[in-house]
Amino acid sequence: MSKIHVSTTVNGDAVEYLCDPRETLLDCLRDKLSLTGAKEGCGTGDCGACSVTLDGRLVCSCLVLGVEAEGKEIGTVEGIAEGDVLHPLQQKFIDYAALQCGICTPGILVAAKALLEQNPDPTEEEVRFWLAGNLCRCTGYDKIIRAVMDTARDMRETA
Amino acid sequence: MQYHSPESFAQAARLAAEAEGVTRFLAGGTDVLVQLRADIVTPDTLIDIKKIPGTHDITRNGDGSWTLGVAVPGAELGEHAGLVADWPGVVEAMNLVGSTQVQGRATLTGNLCNGSPAADSVPAMVAASMTATVTGPDGERVVAVEDIPTGPGRTSLARGEVISALHIPARGENAGDAYLRFIPRSEMDIAVVGCAVNLRLDGDTITEARVSLGAVAPTVLLVGDAAAAIIGSTLDDAALDRLAAAASAACKPIDDKRGTIAFRTEVAGVLAKRVARIAYARAKGEIIKGHHG
């Protein structure tokens, strides 16, 4: 099986890899680029643990082939903090203890960041619908929702 | 698996016609990659159509009709104010499919070609009289959306044929469409019954209507008797009862874990009434937001 050469951009950095056309973007991020923030939960687009942005659009990286990333801009959880300074969502998730085992957390952070960029003042219902594709089996969601709502409030006040 | 990303539909059709074994076209991939992962369908040839010009475009034509590129994801339909204003039912149906992440990739064309009787967008497309341009090795043909699915997981597309564009007619005056589904949850589920209604008024009287049902037969149904039950009426209670009876009478559902035959048949009638009321109100100019509105 011949491998395909892919040039893409991840968190602003130009990267290249060789992949089999059956490999997913998630596989390529984790195994070729050592970006292990995105997690494989279900592998079928149901759990959201592998959430990334593709040209700014929230997607499950398990439902994107590595070859489809050619010429695209990928955003992962590794690109959310600015150096040592956590993104407000990351800090608020710590403050609220909005995580337990942590497997769903990178996907939820990427998804919540995408929401707040599109809608800086979401209702609780909008947050819950937006994050409906991010499953968490530990927290019961309440702390996650409150952390996102509170981050949105802070970001509006400092904007 | 051979991966191709052709630059024209003619080239895509030729690749598919000449390929051996199992061929799949890749747009959003939210069905193709799941089937690949689950070892349900492992394509020998995968043809990614997203590099073909026009596949990402939403175009309002001079006559008011719309042409939709086959790779436009649900999220982009929902963000297009003009399309939402003209065809809220088509957009709300597509936007019910899956999560935010799935909406970032999943397409109307994929929902249609996956051939699920429970596909949310398909009843809405059928009610809207949408058509598809199909490109094959011998050229193009235009097919009504209701003539694409032939059974669960099956379509009328021949080997080497690929849908290259979707078309929605001009909305015109005093008209509205709507879609509702029944699911036991509030989100992230597959329709137990889906229903779409598209209608036009002259004053208070319905002059044109199309009613379509999903998940109650091996394919999405266009129910002529249900449309006939409300054409000429003002959607009064008697017309709504005739509509419900006609919708239920058209059902040939299965019993499964998501709903029994009796339940689906009953709910089809209930949904048809509710959807017709929304389409009627929209035809009157009311703004009624969909589930995610």
# chains A, B, ... in the order shown; residues from 1 in each chain; ligands from 1

call {"tool": "select_by_dssp", "arguments": {"residues": "stretch 69-245 of chain B", "states": "strand (DSSP E or B)", "output": "MDAnalysis selection string"}}
result
chainID B and resid 73 107 131:136 139:144 149:151 154:155 162:168 175:182 193:202 205:214 221:222

call {"tool": "residues_around", "arguments": {"residues": "B:Ile49", "least_positions_apart": "4", "cutoff": "9 Å", "atoms": "only C-alpha atoms", "output": "PyMOL selection string"}}
result
chain B and resi 4-9+12+25-27+55+70-71+164

call {"tool": "closest_residue", "arguments": {"among": "A:Glu70, A:Glu117, A:Asp27, A:Asp46", "to": "A:Met155", "atoms": "only C-alpha atoms"}}
result
A:Glu117

call {"tool": "closest_residue", "arguments": {"among": "A:Ile4, A:Leu89, A:Ala98, A:Ala114", "to": "A:Leu54", "atoms": "only C-alpha atoms"}}
result
A:Ala114

call {"tool": "select_by_dssp", "arguments": {"residues": "chain A", "states": "helix (DSSP H, G or I)", "output": "ChimeraX atom specification"}}
result
/A:25-32,61-63,66-69,77-79,88-95,105-118,124-133,142-158

call {"tool": "residues_around", "arguments": {"residues": "stretch 166-177 of chain B", "least_positions_apart": "3", "cutoff": "6 Å", "atoms": "only C-alpha atoms", "output": "PyMOL selection string"}}
result
chain B and resi 64-68+86+89+130-132+197-201+279+282-283

call {"tool": "interface_residues", "arguments": {"of": "chain A", "to": "chain B", "cutoff": "6 Å", "atoms": "only C-alpha atoms", "output": "list of chain:residue names"}}
result
A:Thr44, A:Arg57, A:Leu58, A:Val59, A:Cys60, A:Leu63, A:Trp130, A:Gly133

call {"tool": "closest_residue", "arguments": {"among": "A:Leu25, A:Ala97, A:Ala132, A:Gly56", "to": "A:Lys113", "atoms": "only C-alpha atoms"}}
result
A:Gly56
